[in-house]
Amino acid sequence: MSGRDSKDGRRGRTDPVLGSLDNLDSPGPAPAPDDGLPHFRVEAPERRPYAGGPPPRRRKRGWLLPLVLLLVIGAGTLVYLQQDRLRGMLPATELNDTLTLADQALAAGKLDGSNGDSARELYEKVQSAEPDNDRARDGLRKVGQAEVARADAALTAGNVDEADAATNAANELLGGGSDIERLRQQISRARNPSAQQGSLVDQAQAALDAGKFDGPDGAGALYRKVLDGDPNNAVAARGLDKVGDALAAQARQAIAANDRTTASGIVERLAAVVPNYGDLPSLRASLAETRKQDDQATSGLLSQAADNLRSGKVAGDGDDNALARYKAVLAVDPDNAQAKAGLGQVAQALIVQASASQDAGDTEQARKLLDQAATLAPKSADLAAARGRLGGGHAAAAAVANDAASSNDTAQAQLSVTPEQKAQVVDLVRRARAATARGDIMTPPADCAYDLYRNALAIDGNDADARSGLQSLPGVVQKQFETAMSNGNLRHANELLDTMADLAPGEPGQAGLRQRLASALVDQAQQRGNAGDREGARQSLDAARRLNPDDARLPDAYARLQSGR
C-alpha cells in the first residue's frame, strides 16, 4: 500500500515519503524582515479525503416555479372576486371634478348663488352624495369664513343689507361663533342708530295710519326695527300692539263671515308681525272651532273621494268622482294635507288609465288622460315616464290597432328605433345617472337627471333603464333629504322637500317629512335666539310655520323670541 485507500473503502497503512531531493543544496528563502512583532505560522487546514461513494449532488429547487404560479393564480382570483370593492376604492372622478370647480369658485369669490355653480352649492352637492367627504366639509368652512370677510367689507363700505346677507350665510355654514355675534351687533347698530329712531317711529306711524300693517315697509316691521335697536322703546311697543289690534279685528270679521281661508291668512300674518300678541291664542282657538264645524262635512267628502278612487271614478263631469270631492275639500280647507295627497293619487290613477288606453291602441284617449293628470302634477316622474312611452311607443300602438292578435307591441316599437338613436339613449341614461350621483335632480335645466331621462324617453319611450331611472328619482331625493337632515343642512333639506313634492305630488309620506323639518327649524330658531341672532331665529320660525302651521311649539317660540328670553 502507498497510502491510498484500498478498493474496499478501508484506510490502509501509509509509508513516509521524502519528496523531491533535487534542490537540496539550493539556498532557502530569504528570511522575513524583523519588524519587532511576534511571528506566527498558519497551518493550512487538513482536508480529509472523501470517504467513498458517489459525489454529492446539489439539490435542485423544482418546487419554486409551481409555488410562484400558485401565488399568481391566487392573487388573480382574489382581484376578480373583489373587483367591485376595489372599483369602489378608486377615486370618484365626478365628485373630484365637482370639488375642483368648487375650489375654483371659492378662489374666484363666487361664494353662494342659485345657479348651481357657486362654491357653497358645489361643496353641498358633494357632501350630499358623500357626507363624510373631508374636502367638502373643509370647503364649506372656508366659504363661511369668506362670508365673514365679505360681511366685514360690506359694513366698512356702508352696505348693511349685503353685510346682513353675508352674515346669515356665514351663520348657516359655521353654526354661529364670536364673529357672527360681533357682526350681528354691528349690523344692528348700523341699522338702528339713535339718530334714526325718531324717523323710524314716524314712518311706522304713517304706515299704521295708511292701514299698511305687514310687509318690509309695513308698520309692524318698522316698529320691530325700532325695538331691535332699543328694546325698551315704549312708543314702538305701543305701536306694535296697535298693529296687532288692527289685524286681530280683521281676523274676527273674517271668522264671523265664515271665511276661514281669509281668517287663517290674517292670523298667520298677525303671528309673523306680532308673534306674542295677547289675543293670538284666542283667535287660533276660534279658527279651530270653525274648523271643527267643517270637519264632519270634510271628513265625509274625503271618505267619498277615497271610495271613488277604489271604484275607478277618478274624474269626470259632476261631483260624483274623486277629483271633484278633493277639490271641494280644498275649497274649504286649502291646507288639507289629505286632500292634497288625494290629488296626487288622482293624477297617478289617470296615468294608470292612460297606460291601459295606450296598451289597447287608443292613443288619443291616453293623451287626454295624461293632459288631465298634468294639470294636477305637471312634474310628476310617473307622468314624464308615461308621456315618453306614449311618444316612443306610437309605432307599437299602431301595430296593435292593425293586428289585434299581436301582443309583441314593445318589440315592434323597439324595431323603429335606429342603432344611432339607441346609442343616444344609452348616452343620455349614462349622463342622467351621473347627474343623479352629483345631486343634480331638477337643475340645471337640460343637464339634470330629470331632463336627461325625459330626453331619452322622447327617443325611445320603451327604454326600461330610462323609465326606471326617472321613476326612481323621488326615492333618491328622499335619501338626500335624510342626509341633509343628518348634517343639519336644513336649507338644503327644504329645497329637497320641494323637489320631492314636484316629482311625487301628494305622496302621503311627505307630510311626516315636512313635520320633521319644521320641528328641526324650531330647534334651530331656539339655538340662534340663544346666540343672539334674533333675525336668523325669526327666519327659521317663519320657515317652520310655512311647513307646519299647526306645530304646537311655534306660539311659545315666537313669544320667547319677541321677549328676548
# chains A, B, ... in the order shown; residues from 1 in each chain; ligands from 1
>>> residues_around(residues="Leu554 (chain A)", least_positions_apart="6", cutoff="9 Å", atoms="only C-alpha atoms", output="JSON, numbers by chain")
{"A": [522, 541, 544, 545]}
>>> closest_atom_pairs(of="region 456-494 of chain A", to="region 417-437 of chain A", cutoff="9 Å", atoms="only C-alpha atoms", output="tab-separated table")
residue	atom	partner	partner_atom	distance
A:Ala456	CA	A:Val425	CA	4.9
A:Leu457	CA	A:Val425	CA	7.7
A:Ile459	CA	A:Gln421	CA	6.8
A:Asp460	CA	A:Val417	CA	6.7
A:Asp463	CA	A:Val425	CA	8.0
A:Asp465	CA	A:Val429	CA	7.1
A:Ala466	CA	A:Val429	CA	5.9
A:Gly469	CA	A:Arg433	CA	7.7
A:Leu470	CA	A:Ala432	CA	8.9
A:Leu473	CA	A:Thr436	CA	8.0
A:Val476	CA	A:Thr436	CA	7.9
>>> write_last_selection(atoms="all heavy atoms", output="PDB file, in the first residue's frame")
ATOM      1  N   ALA A 456     -84.269  60.919 -23.083  1.00  0.00           N
ATOM      2  CA  ALA A 456     -84.058  59.539 -23.521  1.00  0.00           C
ATOM      3  C   ALA A 456     -85.385  58.881 -23.881  1.00  0.00           C
ATOM      4  O   ALA A 456     -85.502  58.185 -24.903  1.00  0.00           O
ATOM      5  CB  ALA A 456     -83.349  58.754 -22.428  1.00  0.00           C
ATOM      6  N   LEU A 457     -86.415  59.113 -23.072  1.00  0.00           N
ATOM      7  CA  LEU A 457     -87.727  58.518 -23.339  1.00  0.00           C
ATOM      8  C   LEU A 457     -88.397  59.150 -24.549  1.00  0.00           C
ATOM      9  O   LEU A 457     -89.243  58.517 -25.198  1.00  0.00           O
ATOM     10  CB  LEU A 457     -88.616  58.656 -22.107  1.00  0.00           C
ATOM     11  CG  LEU A 457     -88.227  57.761 -20.923  1.00  0.00           C
ATOM     12  CD1 LEU A 457     -89.031  58.128 -19.694  1.00  0.00           C
ATOM     13  CD2 LEU A 457     -88.451  56.291 -21.269  1.00  0.00           C
ATOM     14  N   ILE A 459     -86.894  59.725 -27.227  1.00  0.00           N
ATOM     15  CA  ILE A 459     -86.340  58.977 -28.357  1.00  0.00           C
ATOM     16  C   ILE A 459     -86.874  57.548 -28.371  1.00  0.00           C
ATOM     17  O   ILE A 459     -87.305  57.033 -29.410  1.00  0.00           O
ATOM     18  CB  ILE A 459     -84.805  58.967 -28.284  1.00  0.00           C
ATOM     19  CG1 ILE A 459     -84.276  60.406 -28.381  1.00  0.00           C
ATOM     20  CG2 ILE A 459     -84.217  58.108 -29.404  1.00  0.00           C
ATOM     21  CD1 ILE A 459     -82.781  60.513 -28.146  1.00  0.00           C
ATOM     22  N   ASP A 460     -86.842  56.909 -27.208  1.00  0.00           N
ATOM     23  CA  ASP A 460     -87.327  55.527 -27.092  1.00  0.00           C
ATOM     24  C   ASP A 460     -88.151  55.432 -25.809  1.00  0.00           C
ATOM     25  O   ASP A 460     -87.616  55.256 -24.713  1.00  0.00           O
ATOM     26  CB  ASP A 460     -86.144  54.555 -27.053  1.00  0.00           C
ATOM     27  CG  ASP A 460     -86.608  53.097 -26.988  1.00  0.00           C
ATOM     28  OD1 ASP A 460     -87.839  52.867 -27.026  1.00  0.00           O
ATOM     29  OD2 ASP A 460     -85.746  52.198 -26.907  1.00  0.00           O
ATOM     30  N   ASP A 463     -87.658  52.382 -23.378  1.00  0.00           N
ATOM     31  CA  ASP A 463     -86.372  52.048 -22.786  1.00  0.00           C
ATOM     32  C   ASP A 463     -86.557  51.848 -21.279  1.00  0.00           C
ATOM     33  O   ASP A 463     -86.900  52.785 -20.539  1.00  0.00           O
ATOM     34  CB  ASP A 463     -85.352  53.163 -23.049  1.00  0.00           C
ATOM     35  CG  ASP A 463     -83.968  52.765 -22.587  1.00  0.00           C
ATOM     36  OD1 ASP A 463     -83.251  52.097 -23.343  1.00  0.00           O
ATOM     37  OD2 ASP A 463     -83.615  53.110 -21.443  1.00  0.00           O
ATOM     38  N   ASP A 465     -84.364  51.238 -18.870  1.00  0.00           N
ATOM     39  CA  ASP A 465     -83.421  51.914 -17.985  1.00  0.00           C
ATOM     40  C   ASP A 465     -83.822  53.373 -17.772  1.00  0.00           C
ATOM     41  O   ASP A 465     -83.765  53.881 -16.647  1.00  0.00           O
ATOM     42  CB  ASP A 465     -82.007  51.850 -18.573  1.00  0.00           C
ATOM     43  CG  ASP A 465     -81.431  50.444 -18.537  1.00  0.00           C
ATOM     44  OD1 ASP A 465     -81.888  49.649 -17.691  1.00  0.00           O
ATOM     45  OD2 ASP A 465     -80.533  50.147 -19.348  1.00  0.00           O
ATOM     46  N   ALA A 466     -84.233  54.029 -18.843  1.00  0.00           N
ATOM     47  CA  ALA A 466     -84.639  55.433 -18.711  1.00  0.00           C
ATOM     48  C   ALA A 466     -85.904  55.561 -17.880  1.00  0.00           C
ATOM     49  O   ALA A 466     -86.010  56.446 -17.016  1.00  0.00           O
ATOM     50  CB  ALA A 466     -84.843  56.048 -20.095  1.00  0.00           C
ATOM     51  N   GLY A 469     -85.138  54.683 -14.215  1.00  0.00           N
ATOM     52  CA  GLY A 469     -84.315  55.743 -13.628  1.00  0.00           C
ATOM     53  C   GLY A 469     -85.128  56.966 -13.285  1.00  0.00           C
ATOM     54  O   GLY A 469     -84.965  57.563 -12.213  1.00  0.00           O
ATOM     55  N   LEU A 470     -86.019  57.349 -14.179  1.00  0.00           N
ATOM     56  CA  LEU A 470     -86.867  58.515 -13.931  1.00  0.00           C
ATOM     57  C   LEU A 470     -87.789  58.277 -12.736  1.00  0.00           C
ATOM     58  O   LEU A 470     -87.944  59.153 -11.868  1.00  0.00           O
ATOM     59  CB  LEU A 470     -87.685  58.820 -15.189  1.00  0.00           C
ATOM     60  CG  LEU A 470     -88.586  60.049 -15.156  1.00  0.00           C
ATOM     61  CD1 LEU A 470     -87.781  61.307 -14.916  1.00  0.00           C
ATOM     62  CD2 LEU A 470     -89.383  60.164 -16.447  1.00  0.00           C
ATOM     63  N   LEU A 473     -86.296  58.628  -9.125  1.00  0.00           N
ATOM     64  CA  LEU A 473     -85.793  59.913  -8.634  1.00  0.00           C
ATOM     65  C   LEU A 473     -86.414  60.346  -7.306  1.00  0.00           C
ATOM     66  O   LEU A 473     -85.700  60.884  -6.443  1.00  0.00           O
ATOM     67  CB  LEU A 473     -85.988  60.998  -9.697  1.00  0.00           C
ATOM     68  CG  LEU A 473     -85.116  60.858 -10.955  1.00  0.00           C
ATOM     69  CD1 LEU A 473     -85.390  62.012 -11.915  1.00  0.00           C
ATOM     70  CD2 LEU A 473     -83.642  60.805 -10.584  1.00  0.00           C
ATOM     71  N   VAL A 476     -84.505  58.701  -4.609  1.00  0.00           N
ATOM     72  CA  VAL A 476     -83.151  59.256  -4.495  1.00  0.00           C
ATOM     73  C   VAL A 476     -83.178  60.570  -3.727  1.00  0.00           C
ATOM     74  O   VAL A 476     -82.347  60.818  -2.847  1.00  0.00           O
ATOM     75  CB  VAL A 476     -82.550  59.464  -5.904  1.00  0.00           C
ATOM     76  CG1 VAL A 476     -81.224  60.205  -5.807  1.00  0.00           C
ATOM     77  CG2 VAL A 476     -82.354  58.135  -6.609  1.00  0.00           C
TER      78      VAL A 476
END
>>> select_by_dssp(residues="region 437-533 of chain A", states="helix (DSSP H, G or I)", output="count of residues only")
71
>>> residues_around(residues="Ala153 (chain A)", least_positions_apart="4", cutoff="8 Å", atoms="only C-alpha atoms", output="ChimeraX atom specification")
/A:149,157,163
>>> residues_around(residues="Gly344 (chain A)", least_positions_apart="2", cutoff="7 Å", atoms="only C-alpha atoms", output="PyMOL selection string")
chain A and resi 340-342+346-348+376-377+505-507
>>> closest_residue(among="A:Gln186, A:Asn133, A:Gln345, A:Thr77", to="Asp382 (chain A)", atoms="only C-alpha atoms")
A:Gln345
>>> atom_distance(atom1="CA of Leu106 (chain A)", atom2="CA of Ala170 (chain A)")
13.9 Å
>>> residues_around(residues="Ala246 (chain A)", least_positions_apart="5", cutoff="12 Å", atoms="only C-alpha atoms", output="ChimeraX atom specification")
/A:208-214,219-220,239-241,251-253,266-267,269-270,273-274,277,279
>>> atom_distance(atom1="CA of Asp103 (chain A)", atom2="CA of Ala151 (chain A)")
20.5 Å
>>> closest_residue(among="A:Ala285, A:Leu547, A:Leu302, A:Leu309", to="Ala493 (chain A)", atoms="only C-alpha atoms")
A:Leu547
>>> closest_residue(among="A:Ser286, A:Thr100, A:Gln353, A:Asn171", to="Gly312 (chain A)", atoms="only C-alpha atoms")
A:Gln353
>>> closest_residue(among="A:Val68, A:Ile180, A:Ala248, A:Ala204", to="Ser282 (chain A)", atoms="only C-alpha atoms")
A:Ala248
>>> residues_around(residues="Gln203 (chain A)", least_positions_apart="2", cutoff="9 Å", atoms="only C-alpha atoms", output="list in words")
Gly198, Ser199, Leu200, Val201, Gln205, Ala206, Ala207, Leu208, Asp217, Gly218, Ala219, Leu222 and Tyr223 of chain A
>>> atom_distance(atom1="CA of Pro275 (chain A)", atom2="CA of Leu561 (chain A)")
8.5 Å
